[in-house]
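Structure file structure_8.cif (mmCIF, C-alpha atoms) follows.
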```cif
data_coords
loop_
_atom_site.label_atom_id
_atom_site.label_comp_id
_atom_site.auth_asym_id
_atom_site.auth_seq_id
_atom_site.Cartn_x
_atom_site.Cartn_y
_atom_site.Cartn_z
CA MET E 1 1.44 -61.80 -0.53
CA ALA E 2 3.04 -58.94 -2.43
CA LEU E 3 0.60 -56.96 -4.47
CA LYS E 4 1.72 -56.46 -8.03
CA PRO E 5 0.22 -53.37 -9.68
CA SER E 6 -2.02 -54.05 -12.65
CA GLU E 7 -1.12 -52.70 -16.12
CA ASP E 8 -3.82 -50.07 -15.77
CA GLN E 9 -2.35 -48.95 -12.51
CA VAL E 10 1.11 -48.75 -14.05
CA ALA E 11 -0.26 -46.83 -17.03
CA GLN E 12 -2.05 -44.44 -14.72
CA LYS E 13 1.10 -43.93 -12.74
CA VAL E 14 3.11 -43.16 -15.86
CA VAL E 15 0.52 -41.00 -17.56
CA LYS E 16 -0.49 -39.03 -14.52
CA PRO E 17 0.89 -35.55 -15.08
CA GLU E 18 2.85 -33.81 -12.44
CA THR E 19 0.60 -31.28 -10.87
CA LYS E 20 2.11 -27.89 -10.97
CA PRO E 21 0.39 -24.72 -9.96
CA ALA E 22 -0.37 -22.53 -12.95
CA VAL E 23 1.03 -19.23 -11.81
CA THR E 24 2.07 -16.62 -14.32
CA PRO E 25 4.70 -14.43 -12.70
CA VAL E 26 3.92 -10.76 -12.84
CA GLU E 27 6.36 -8.04 -11.92
CA PRO E 28 5.06 -6.47 -8.71
CA SER E 29 4.62 -2.74 -8.37
CA LEU E 30 7.26 -0.73 -6.55
CA GLN E 31 4.65 0.77 -4.29
CA SER E 32 3.42 -2.58 -3.03
CA LEU E 33 7.01 -3.68 -2.40
CA VAL E 34 7.90 -0.56 -0.47
CA CYS E 35 4.72 -0.90 1.58
CA GLY E 36 6.04 -4.27 2.77
CA ASP E 37 3.50 -6.34 0.85
CA ARG E 38 4.83 -9.86 1.25
CA GLU E 39 2.84 -11.18 -1.64
CA ALA E 40 4.46 -8.58 -3.85
CA PHE E 41 7.87 -9.76 -2.70
CA ALA E 42 6.93 -13.35 -3.45
CA GLN E 43 5.92 -12.19 -6.93
CA LEU E 44 9.28 -10.50 -7.30
CA ILE E 45 11.00 -13.80 -6.58
CA LEU E 46 8.80 -15.66 -9.02
CA PHE E 47 9.40 -13.07 -11.69
CA TYR E 48 13.19 -12.79 -11.46
CA ASN E 49 14.27 -16.15 -10.04
CA GLU E 50 15.19 -17.76 -13.34
CA ALA E 51 16.73 -14.70 -14.98
CA LEU E 52 18.97 -14.05 -12.02
CA TYR E 53 19.94 -17.68 -11.76
CA ARG E 54 20.71 -17.88 -15.47
CA TRP E 55 23.03 -14.89 -15.31
CA VAL E 56 24.75 -15.82 -12.06
CA ALA E 57 25.15 -19.45 -13.12
CA ARG E 58 26.86 -18.30 -16.31
CA LEU E 59 29.13 -16.00 -14.36
CA THR E 60 30.09 -18.47 -11.67
CA GLY E 61 29.94 -21.64 -13.73
CA ASN E 62 28.71 -23.37 -10.63
CA SER E 63 25.05 -24.15 -10.05
CA HIS E 64 25.36 -24.46 -6.28
CA ALA E 65 27.19 -21.19 -5.98
CA ALA E 66 24.59 -19.64 -8.28
CA GLU E 67 21.79 -20.94 -6.06
CA ASP E 68 23.42 -19.44 -3.00
CA LEU E 69 24.05 -16.12 -4.71
CA VAL E 70 20.48 -15.85 -5.98
CA GLN E 71 19.23 -16.71 -2.52
CA ASP E 72 21.51 -14.10 -1.05
CA THR E 73 20.34 -11.57 -3.61
CA PHE E 74 16.70 -11.94 -2.63
CA VAL E 75 17.48 -11.82 1.08
CA ARG E 76 19.48 -8.61 0.60
CA ALA E 77 16.73 -7.22 -1.60
CA TYR E 78 14.19 -7.93 1.12
CA GLN E 79 16.32 -6.17 3.69
CA ALA E 80 16.74 -3.13 1.44
CA ILE E 81 13.22 -3.02 0.07
CA THR E 82 12.22 0.09 2.00
CA ARG E 83 15.01 2.04 0.36
CA LEU E 84 13.43 1.71 -3.07
CA ARG E 85 12.50 5.00 -4.68
CA PRO E 86 9.64 5.66 -7.09
CA ASP E 87 12.08 5.93 -10.00
CA THR E 88 13.99 2.75 -9.16
CA ASN E 89 14.44 0.33 -12.04
CA LEU E 90 13.49 -2.87 -10.27
CA LYS E 91 15.26 -5.22 -12.65
CA ALA E 92 18.48 -3.22 -12.68
CA TRP E 93 18.32 -2.88 -8.90
CA LEU E 94 18.02 -6.65 -8.42
CA PHE E 95 20.80 -7.40 -10.87
CA ARG E 96 22.96 -4.84 -9.09
CA ILE E 97 22.46 -6.68 -5.81
CA ALA E 98 23.24 -9.95 -7.56
CA HIS E 99 26.34 -8.41 -9.13
CA ASN E 100 27.57 -7.21 -5.74
CA ALA E 101 26.97 -10.66 -4.31
CA TYR E 102 28.88 -12.16 -7.23
CA ALA E 103 31.76 -9.69 -6.76
CA ASN E 104 31.99 -10.76 -3.12
CA TRP E 105 31.94 -14.38 -4.18
CA VAL E 106 34.75 -13.78 -6.69
CA ARG E 107 36.84 -12.11 -4.00
CA GLY E 108 36.20 -14.90 -1.53
CA ARG E 109 36.67 -17.95 -3.76
CA SER E 110 39.90 -19.88 -4.15
CA GLY E 111 41.03 -22.26 -6.86
CA ARG E 112 38.01 -21.78 -9.10
CA ASN E 113 37.60 -24.12 -12.05
CA GLY E 114 38.57 -22.44 -15.30
CA SER E 115 35.59 -23.53 -17.36
CA PHE E 116 31.87 -23.99 -17.00
CA PRO E 117 31.23 -27.30 -15.32
CA ASP E 118 28.72 -29.47 -17.15
CA GLU E 119 26.25 -29.19 -14.31
CA VAL E 120 25.05 -25.79 -15.45
CA LEU E 121 24.46 -26.91 -19.04
CA ASP E 122 21.04 -27.86 -20.23
CA ARG E 123 20.93 -31.50 -21.30
CA ARG E 124 17.64 -31.51 -23.10
CA ALA E 125 19.26 -31.94 -26.57
CA GLY E 126 19.66 -35.34 -28.23
CA PRO E 127 23.04 -37.23 -28.13
CA GLU E 128 24.26 -36.02 -31.58
CA GLU E 129 23.11 -32.46 -31.10
CA LEU E 130 24.61 -32.58 -27.68
CA ALA E 131 27.97 -33.78 -29.00
CA GLN E 132 28.13 -31.13 -31.73
CA GLY E 133 26.60 -28.45 -29.62
CA ASN E 134 28.82 -29.28 -26.70
CA GLU E 135 31.94 -28.95 -28.80
CA ALA E 136 30.90 -25.53 -30.09
CA SER E 137 29.63 -24.54 -26.71
CA ARG E 138 32.80 -25.70 -25.03
CA ARG E 139 34.89 -23.51 -27.32
CA LEU E 140 32.67 -20.54 -26.72
CA GLN E 141 32.62 -21.18 -22.99
CA GLN E 142 36.38 -21.23 -22.90
CA VAL E 143 36.53 -17.86 -24.62
CA ILE E 144 33.81 -16.36 -22.46
CA ASP E 145 35.43 -17.72 -19.35
CA LYS E 146 38.68 -16.02 -20.19
CA LEU E 147 37.02 -12.65 -20.48
CA PRO E 148 37.56 -10.22 -17.62
CA GLU E 149 34.73 -10.56 -15.09
CA GLU E 150 33.23 -7.13 -15.78
CA TRP E 151 33.20 -7.66 -19.56
CA LYS E 152 31.64 -11.06 -19.14
CA ALA E 153 28.94 -9.74 -16.80
CA ALA E 154 28.07 -7.01 -19.27
CA LEU E 155 28.09 -9.29 -22.30
CA LEU E 156 25.83 -11.87 -20.68
CA LEU E 157 23.37 -9.22 -19.54
CA ARG E 158 23.23 -7.98 -23.11
CA ILE E 159 22.83 -11.39 -24.73
CA HIS E 160 20.61 -13.24 -22.25
CA GLU E 161 18.59 -10.43 -20.77
CA GLU E 162 18.75 -8.10 -23.78
CA MET E 163 19.37 -5.41 -21.22
CA PRO E 164 19.75 -1.87 -22.60
CA PHE E 165 23.07 -0.19 -21.81
CA ARG E 166 21.37 2.37 -19.58
CA GLU E 167 19.84 -0.37 -17.40
CA MET E 168 23.08 -2.32 -17.51
CA ALA E 169 24.94 0.70 -16.17
CA ILE E 170 22.72 0.64 -13.08
CA ALA E 171 23.07 -3.11 -12.68
CA LEU E 172 26.84 -2.98 -12.90
CA GLY E 173 27.25 0.25 -10.98
CA THR E 174 28.88 2.12 -13.81
CA THR E 175 28.08 4.61 -16.57
CA GLU E 176 26.18 3.86 -19.74
CA GLU E 177 29.26 4.50 -21.85
CA THR E 178 31.40 2.16 -19.76
CA ALA E 179 28.73 -0.54 -20.01
CA ARG E 180 28.68 -0.10 -23.78
CA TRP E 181 32.47 -0.21 -23.92
CA ARG E 182 32.63 -3.41 -21.86
CA VAL E 183 30.15 -5.14 -24.15
CA PHE E 184 32.10 -3.91 -27.17
CA LYS E 185 35.40 -5.20 -25.78
CA ALA E 186 33.87 -8.55 -24.88
CA ARG E 187 32.40 -8.92 -28.37
CA GLN E 188 35.69 -7.88 -29.94
CA ARG E 189 37.62 -10.42 -27.86
CA LEU E 190 35.13 -13.15 -28.80
CA MET E 191 35.48 -12.39 -32.49
CA GLU E 192 39.28 -12.28 -32.32
CA SER E 193 39.55 -15.50 -30.33
CA LEU E 194 37.23 -17.41 -32.58
CA GLU E 195 38.99 -16.14 -35.70
CA GLU E 196 42.30 -17.26 -34.20
CA LYS E 197 40.88 -20.72 -33.47
CA GLN E 198 39.53 -21.03 -36.99
CA GLU E 199 42.94 -20.12 -38.40
CA GLU E 200 44.62 -22.65 -36.09
CA LYS E 201 42.25 -25.31 -37.42
CA ARG E 202 43.20 -24.48 -41.02
CA MET O 1 33.12 4.55 -44.17
CA ASN O 2 35.91 1.98 -44.07
CA CYS O 3 35.56 -1.64 -42.95
CA ASN O 4 37.24 -1.17 -39.56
CA HIS O 5 34.88 1.60 -38.61
CA ALA O 6 31.84 -0.35 -39.80
CA ARG O 7 32.87 -3.44 -37.81
CA GLU O 8 33.44 -1.35 -34.72
CA GLN O 9 29.94 0.08 -35.10
CA ILE O 10 28.51 -3.42 -35.44
CA LEU O 11 30.11 -4.45 -32.17
CA LEU O 12 29.00 -1.26 -30.44
CA ALA O 13 25.35 -1.57 -31.47
CA GLU O 14 22.86 -2.06 -28.65
CA GLY O 15 20.53 -4.32 -30.59
CA ARG O 16 20.66 -6.46 -33.67
CA GLY O 17 20.39 -4.40 -36.80
CA LYS O 18 20.35 -1.15 -34.87
CA TYR O 19 22.97 0.40 -37.10
CA THR O 20 23.38 3.86 -38.48
CA ARG O 21 22.46 4.54 -42.10
CA GLU O 22 26.18 4.71 -42.98
CA VAL O 23 26.86 1.27 -41.53
CA THR O 24 23.82 -0.21 -43.27
CA GLY O 25 24.98 1.37 -46.54
CA HIS O 26 28.44 -0.03 -46.09
CA LEU O 27 27.11 -3.51 -45.32
CA GLN O 28 25.11 -3.52 -48.53
CA SER O 29 28.23 -2.90 -50.54
CA CYS O 30 30.86 -4.93 -48.61
CA ASP O 31 30.78 -8.73 -48.67
CA GLU O 32 33.59 -9.06 -46.11
CA CYS O 33 31.74 -6.95 -43.54
CA GLN O 34 28.53 -8.86 -44.26
CA ARG O 35 30.39 -12.08 -43.40
CA TYR O 36 31.81 -10.43 -40.30
CA GLN O 37 28.34 -9.34 -39.22
CA ALA O 38 26.92 -12.80 -39.88
CA THR O 39 29.70 -14.42 -37.81
CA PHE O 40 29.10 -11.98 -35.00
CA LEU O 41 25.35 -12.55 -34.95
CA GLY O 42 25.94 -16.31 -35.16
CA ILE O 43 28.15 -16.21 -32.07
CA GLU O 44 25.64 -14.20 -30.10
CA ASN O 45 22.91 -16.61 -31.17
CA GLN O 46 25.04 -19.53 -30.10
CA ILE O 47 25.67 -18.00 -26.71
CA SER O 48 22.02 -17.19 -26.15
CA GLU O 49 21.05 -20.70 -27.20
CA MET O 50 23.59 -22.31 -24.94
CA GLY O 51 21.00 -23.72 -22.62
CA ILE O 52 21.53 -23.56 -18.96
CA SER O 53 19.92 -25.83 -16.47
CA LYS O 54 16.97 -24.54 -14.51
CA PRO O 55 17.60 -23.41 -10.97
CA LEU O 56 17.89 -26.29 -8.53
CA LEU O 57 15.30 -24.61 -6.40
CA THR O 58 11.90 -23.88 -7.83
CA SER O 59 10.52 -20.47 -7.07
CA ALA O 60 8.31 -22.07 -4.43
CA ALA O 61 11.22 -23.78 -2.75
CA ARG O 62 13.16 -20.55 -2.88
CA LEU O 63 10.33 -18.78 -1.10
CA ASP O 64 10.56 -21.39 1.62
CA GLN O 65 14.33 -21.10 1.88
CA ILE O 66 14.26 -17.33 2.11
CA GLU O 67 11.50 -17.54 4.66
CA LYS O 68 13.68 -19.76 6.81
CA ARG O 69 16.73 -17.64 6.29
CA LEU O 70 15.07 -14.41 7.40
CA ASP O 71 15.16 -15.27 11.09
CA GLY O 72 12.85 -18.20 10.64
CA LYS O 73 9.89 -15.89 10.32
CA ASN O 74 6.96 -17.10 8.30
CA ILE O 75 7.22 -14.48 5.69
CA PHE O 76 6.32 -15.87 2.35
CA ALA O 77 3.67 -17.88 0.67
CA SER O 78 3.13 -21.60 0.91
CA PRO O 79 5.08 -23.74 -1.56
CA LEU O 80 1.89 -24.30 -3.50
CA LEU O 81 2.12 -20.66 -4.50
CA LYS O 82 -1.47 -20.07 -3.65
CA PHE O 83 -0.42 -17.45 -1.15
CA ARG O 84 -2.77 -18.90 1.40
CA ARG O 85 -0.85 -17.33 4.20
CA PHE O 86 -1.08 -13.96 2.53
CA GLU O 87 -4.76 -14.41 1.96
CA LYS O 88 -5.20 -15.26 5.61
CA GLU O 89 -3.15 -12.30 6.65
CA ARG O 90 -4.97 -10.06 4.27
CA GLY O 91 -8.25 -11.41 5.60
CA ARG O 92 -7.14 -10.64 9.14
CA GLN O 93 -6.04 -7.20 8.11
CA LYS O 94 -9.39 -6.55 6.48
CA LEU O 95 -11.16 -7.77 9.62
CA SER O 96 -9.00 -5.54 11.82
CA VAL O 97 -9.73 -2.57 9.61
CA ALA O 98 -13.46 -3.33 9.74
CA VAL O 99 -13.38 -3.70 13.55
CA ALA O 100 -11.41 -0.48 13.91
CA LEU O 101 -13.85 1.31 11.63
CA VAL O 102 -16.90 0.09 13.57
CA ALA O 103 -15.22 1.04 16.87
CA PHE O 104 -14.46 4.46 15.48
CA LEU O 105 -18.04 4.96 14.34
CA PHE O 106 -19.33 3.89 17.77
CA ALA O 107 -16.91 6.26 19.45
CA VAL O 108 -18.04 9.12 17.23
CA ALA O 109 -21.73 8.27 17.78
CA GLY O 110 -21.17 7.96 21.54
CA GLY O 111 -19.30 11.22 21.60
CA LEU O 112 -22.11 12.92 19.72
CA MET O 113 -24.60 11.57 22.24
CA PHE O 114 -22.64 13.11 25.09
CA ILE O 115 -22.33 16.48 23.47
CA PRO O 116 -25.14 18.63 24.91
CA ARG O 117 -27.30 19.80 22.07
CA PRO O 118 -29.07 23.11 22.39
CA ILE O 119 -32.79 22.72 22.98
CA ASP O 120 -35.02 24.38 20.49
CA ARG O 121 -36.85 26.97 22.53
CA GLU O 122 -38.76 28.39 19.62
CA SER O 123 -41.68 26.00 20.11
CA ILE O 124 -43.83 25.22 23.13
CA ALA O 125 -42.62 21.62 23.00
CA GLY O 126 -38.99 22.76 23.11
CA LEU O 127 -39.74 25.10 25.98
CA ARG O 128 -41.36 22.24 27.89
CA VAL O 129 -38.33 20.01 27.35
CA TYR O 130 -36.06 22.82 28.46
CA LYS O 131 -38.20 23.41 31.55
CA GLU O 132 -38.35 19.74 32.51
CA SER O 133 -34.64 19.20 32.02
CA SER O 134 -33.73 22.32 33.98
CA ILE O 135 -35.95 21.49 36.93
CA ASN O 136 -35.31 17.74 36.94
CA ARG O 137 -31.55 18.17 36.69
CA ALA O 138 -31.57 20.10 39.95
CA LYS O 139 -30.93 17.68 42.80
CA SER O 140 -32.51 19.42 45.80
CA PRO O 141 -35.96 21.08 46.15
CA LEU O 142 -34.22 24.41 46.71
CA LYS O 143 -32.30 24.08 43.44
CA LYS O 144 -35.48 23.00 41.68
CA TRP O 145 -37.21 26.07 43.03
CA HIS O 146 -34.41 28.34 41.89
CA ALA O 147 -34.54 26.72 38.45
CA MET O 148 -38.27 27.32 38.26
CA VAL O 149 -37.89 30.96 39.34
CA ARG O 150 -35.12 31.48 36.80
CA LEU O 151 -37.23 29.95 34.02
CA ALA O 152 -40.20 32.16 34.93
CA GLY O 153 -37.97 35.24 34.87
CA GLU O 154 -36.46 34.26 31.47
CA ALA O 155 -39.90 33.61 30.00
CA ARG O 156 -41.26 36.95 31.21
CA THR O 157 -38.27 38.82 29.75
CA ASP O 158 -38.69 36.90 26.49
CA ALA O 159 -42.40 37.78 26.39
CA ILE O 160 -41.66 41.48 26.88
CA SER O 161 -39.09 41.34 24.01
CA ALA O 162 -41.53 39.49 21.75
CA ALA O 163 -44.24 42.05 22.49
CA ALA O 164 -41.80 44.85 21.62
CA ARG O 165 -41.21 43.07 18.28
CA ASN O 166 -44.98 42.76 17.79
CA ASP O 167 -44.52 38.99 17.59
CA SER O 168 -47.97 38.02 18.76
CA ASP O 169 -47.46 34.29 18.16
CA ARG O 170 -44.39 34.22 20.32
CA VAL O 171 -46.08 36.21 23.09
CA LYS O 172 -49.05 33.86 22.97
CA MET O 173 -46.81 30.83 23.16
CA LEU O 174 -44.92 32.28 26.10
CA ALA O 175 -48.19 33.07 27.84
CA ASP O 176 -49.14 29.38 27.52
CA TYR O 177 -45.74 28.38 28.83
CA ILE O 178 -45.78 30.79 31.80
CA GLU O 179 -49.30 29.69 32.75
CA GLU O 180 -48.16 26.07 32.78
CA LEU O 181 -44.99 26.90 34.70
CA LEU O 182 -46.73 29.02 37.35
CA ARG O 183 -49.58 26.62 37.83
CA LYS O 184 -48.21 23.11 37.54
CA ASP O 185 -44.62 23.59 38.66
CA VAL O 186 -45.39 25.99 41.48
CA GLU O 187 -47.98 23.51 42.65
CA ARG O 188 -45.36 20.75 42.64
CA LEU O 189 -42.95 22.70 44.81
CA VAL O 190 -45.16 24.51 47.33
CA SER O 191 -45.33 21.43 49.53
CA PHE O 192 -41.67 21.84 50.57
CA VAL O 193 -41.73 23.68 53.94
CA GLU O 194 -38.01 24.51 53.75
CA LEU O 195 -38.73 26.73 50.73
CA ARG O 196 -40.78 29.14 52.77
CA ASP O 197 -38.46 32.12 52.42
CA GLU O 198 -38.01 31.54 48.69
CA MET O 199 -41.80 31.25 48.26
CA LEU O 200 -42.29 34.57 49.95
CA ASP O 201 -39.70 36.27 47.75
CA PHE O 202 -41.24 34.74 44.64
CA ALA O 203 -44.75 35.77 45.70
CA LYS O 204 -43.55 39.37 45.96
CA ASP O 205 -41.85 39.03 42.60
CA LEU O 206 -45.07 37.68 41.05
CA ALA O 207 -47.05 40.59 42.49
CA ARG O 208 -44.65 43.02 40.80
CA SER O 209 -44.84 41.02 37.64
CA GLU O 210 -48.65 41.04 37.63
CA SER O 211 -48.83 44.81 37.81
CA GLU O 212 -46.02 45.18 35.25
CA PHE O 213 -47.78 42.97 32.69
CA GLN O 214 -51.13 44.65 33.29
CA ARG O 215 -49.51 48.00 32.61
CA LEU O 216 -47.74 46.60 29.56
CA ALA O 217 -51.00 45.17 28.19
CA SER O 218 -52.58 48.58 28.31
CA HIS O 219 -49.81 49.86 26.03
CA TYR O 220 -50.67 47.25 23.39
CA SER O 221 -54.33 48.19 22.96
CA SER O 222 -53.69 48.46 19.24
CA SER O 223 -52.58 44.76 19.18
CA PRO O 224 -55.38 42.88 20.88
CA GLU O 225 -53.67 39.50 20.53
CA ILE O 226 -50.53 40.70 22.28
CA ALA O 227 -52.52 42.57 24.90
CA GLU O 228 -54.57 39.46 25.59
CA SER O 229 -51.47 37.29 26.00
CA LEU O 230 -49.87 39.84 28.31
CA VAL O 231 -53.04 39.93 30.42
CA ARG O 232 -52.94 36.14 30.62
CA ILE O 233 -49.37 36.31 31.94
CA ALA O 234 -50.42 38.94 34.49
CA LYS O 235 -53.31 36.76 35.58
CA ALA O 236 -51.12 33.67 35.83
CA SER O 237 -48.72 35.65 38.02
CA LYS O 238 -51.57 36.80 40.23
CA ASP O 239 -52.94 33.24 40.57
CA ALA O 240 -49.50 31.88 41.41
CA GLU O 241 -48.95 34.60 44.00
CA SER O 242 -52.30 33.77 45.60
CA ARG O 243 -51.46 30.09 45.59
CA LEU O 244 -48.12 30.74 47.24
CA ARG O 245 -49.62 33.01 49.87
CA ARG O 246 -52.22 30.39 50.68
CA ALA O 247 -49.54 27.81 51.01
CA LEU O 248 -47.54 30.11 53.26
CA GLN O 249 -50.52 30.79 55.46
CA ALA O 250 -51.26 27.10 55.70
#
```

Just dump the structure as structure tokens.
Amino acid sequence: MALKPSEDQVAQKVVKPETKPAVTPVEPSLQSLVCGDREAFAQLILFYNEALYRWVARLTGNSHAAEDLVQDTFVRAYQAITRLRPDTNLKAWLFRIAHNAYANWVRGRSGRNGSFPDEVLDRRAGPEELAQGNEASRRLQQVIDKLPEEWKAALLLRIHEEMPFREMAIALGTTEETARWRVFKARQRLMESLEEKQEEKR
Amino acid sequence: MNCNHAREQILLAEGRGKYTREVTGHLQSCDECQRYQATFLGIENQISEMGISKPLLTSAARLDQIEKRLDGKNIFASPLLKFRRFEKERGRQKLSVAVALVAFLFAVAGGLMFIPRPIDRESIAGLRVYKESSINRAKSPLKKWHAMVRLAGEARTDAISAAARNDSDRVKMLADYIEELLRKDVERLVSFVELRDEMLDFAKDLARSESEFQRLASHYSSSPEIAESLVRIAKASKDAESRLRRALQA
């Protein structure tokens, strides 16, 4: 005889929250990382996992590629951890590794899709918001996607990570002035493109 | 400041509203540039609000993946993020450190035990310990005899020095020590027939010593305590000589 769950059982099953460990990520100290403290490295992953993914996913427009690149970033970081210096900016250093990994990916890819695939977009909005938001987002994505890679990388670091130009220079392996100029050019191109589109609409 | 320059400054700014006084002044007076600034900020807002899906891998899963990728070594924490493995490792490390520390302390303590410490020869007890260790450490009766003779010679020299310093306490203590040495220890060793020649030499030595200490005592008539101790040493030497001669005759 098949056992049918009672209503209570069903309710319990639905209501039961998903147990997630309550861990607040904390940026580990450089010293503990250099000393080979594995827990510190695990903390580093917890602390930067989402930020790195967010940036790389935006750059690649491909969640699977982003996953691989973030994975690769942490593996490379682990292998280079002993080369950290006391004055190393940990965040900039990690983003630099990620940027190098992304540059390699760009060189190695072929026939990349011209726009962000939907898979990287957050679908938590309602249907109407999603429709309106998607239209605006799609336009913006198209413009962003047409930006030169270096401008785009700089712009997204500025907008999503609110990264100062000095830190950005380290992350992108350039000077502070160049980082500032790339962000400026990207912003300028965005403004021009959107103004053109608005005029086309009229 | 003209509009083009103001707009350029808006796009060059590091943060929102981080404009120079000139740009802020221009914005207050120019509606077109205000609209431009609003459009720009709106676009940046829109980009920042363009949600992006969460990583496919949770941080925990990523830890696992990286762990596997780095030569399959168990490097990182458990997926539950409780860092049990680290805790275990840390526990082991702590235990190793404790064991190493205890071993080190034992080694130091052991080492200290093996380092020969100088015996305090300022007291009669220290002199006794020194005497016993010197004689007992000698393996053969001959070596024991030589040790005893050496100790008697050292004590006599020490007594003469102490008398010269007018250290009556020290002379008295040495007199006690020499009496004990020449009575008890000579008695212990006279039974060894093979020491005959050494006994004879020592008997002669004691005879010289007896007369030397008697003569010395007469010089310390002004210090009766020292003179008395020196006489006791002379008498102990005489008694020991007699004992040795009796043993030799027997």

Interface list for chain E, partner chain O, 7 Å threshold, only C-alpha atoms, as a PyMOL selection string = chain E and resi 21+38-39+42+45-46+49-50+53-54+67+71+75+120-122+137+159-160+164+180+184+187-188+191

inquiry  = Evaluate the PyMOL selection byres ((chain O and resi 165-181) around 6) against this structure - the residues, as a PyMOL selection string, please.
reply    = chain O and resi 159+162-164+182-185+226+229+233+236

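Of note, atom CA of E:Arg107 and atom CA of E:Thr60 are spaced 12.0 Å apart.
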
query = How would you write, as JSON, numbers by chain, the residues chosen by the PyMOL selection byres ((chain E and resi 148-156) around 8) on this structure?
reply = {"E": [55, 58, 59, 144, 145, 146, 147, 157, 158, 159, 160, 161, 168, 172, 179, 182, 183, 185, 186, 187]}

key: Interatomic distance (Å, one decimal) between atom CA of O:Glu212 and atom CA of O:Ala234   = 7.7 Å

Would you mind putting back all heavy atoms on stretch 16-20 of chain O, then writing it out as a compact mmCIF listing (two decimals), in the coordinates of the input?
```txt
# COMPACT_ATOMS: atom_id res chain seq x y z
N ARG O 16 20.37 -5.94 -32.34
CA ARG O 16 20.66 -6.46 -33.67
C ARG O 16 20.07 -5.57 -34.75
O ARG O 16 18.89 -5.25 -34.71
CB ARG O 16 20.06 -7.86 -33.80
CG ARG O 16 20.80 -8.84 -32.95
CD ARG O 16 20.07 -10.12 -32.81
NE ARG O 16 20.83 -10.96 -31.88
CZ ARG O 16 21.07 -12.22 -32.10
NH1 ARG O 16 20.62 -12.82 -33.17
NH2 ARG O 16 21.75 -12.92 -31.22
N GLY O 17 20.88 -5.21 -35.68
CA GLY O 17 20.39 -4.40 -36.80
C GLY O 17 20.20 -2.94 -36.47
O GLY O 17 19.73 -2.17 -37.30
N LYS O 18 20.51 -2.56 -35.24
CA LYS O 18 20.35 -1.15 -34.87
C LYS O 18 21.60 -0.37 -35.28
O LYS O 18 22.39 0.06 -34.45
CB LYS O 18 20.13 -1.02 -33.35
CG LYS O 18 18.73 -1.37 -32.90
CD LYS O 18 18.54 -1.01 -31.44
CE LYS O 18 17.15 -1.35 -30.97
NZ LYS O 18 16.98 -1.09 -29.54
N TYR O 19 21.78 -0.27 -36.59
CA TYR O 19 22.97 0.40 -37.10
C TYR O 19 22.60 1.74 -37.71
O TYR O 19 21.45 1.96 -38.09
CB TYR O 19 23.65 -0.47 -38.18
CG TYR O 19 23.92 -1.89 -37.76
CD1 TYR O 19 23.56 -2.96 -38.57
CD2 TYR O 19 24.56 -2.17 -36.54
CE1 TYR O 19 23.80 -4.26 -38.19
CE2 TYR O 19 24.79 -3.47 -36.15
CZ TYR O 19 24.41 -4.51 -36.98
OH TYR O 19 24.65 -5.80 -36.59
N THR O 20 23.62 2.57 -37.83
CA THR O 20 23.38 3.86 -38.48
C THR O 20 23.19 3.63 -39.99
O THR O 20 23.52 2.55 -40.51
CB THR O 20 24.58 4.80 -38.28
OG1 THR O 20 25.74 4.18 -38.84
CG2 THR O 20 24.81 5.09 -36.80
```
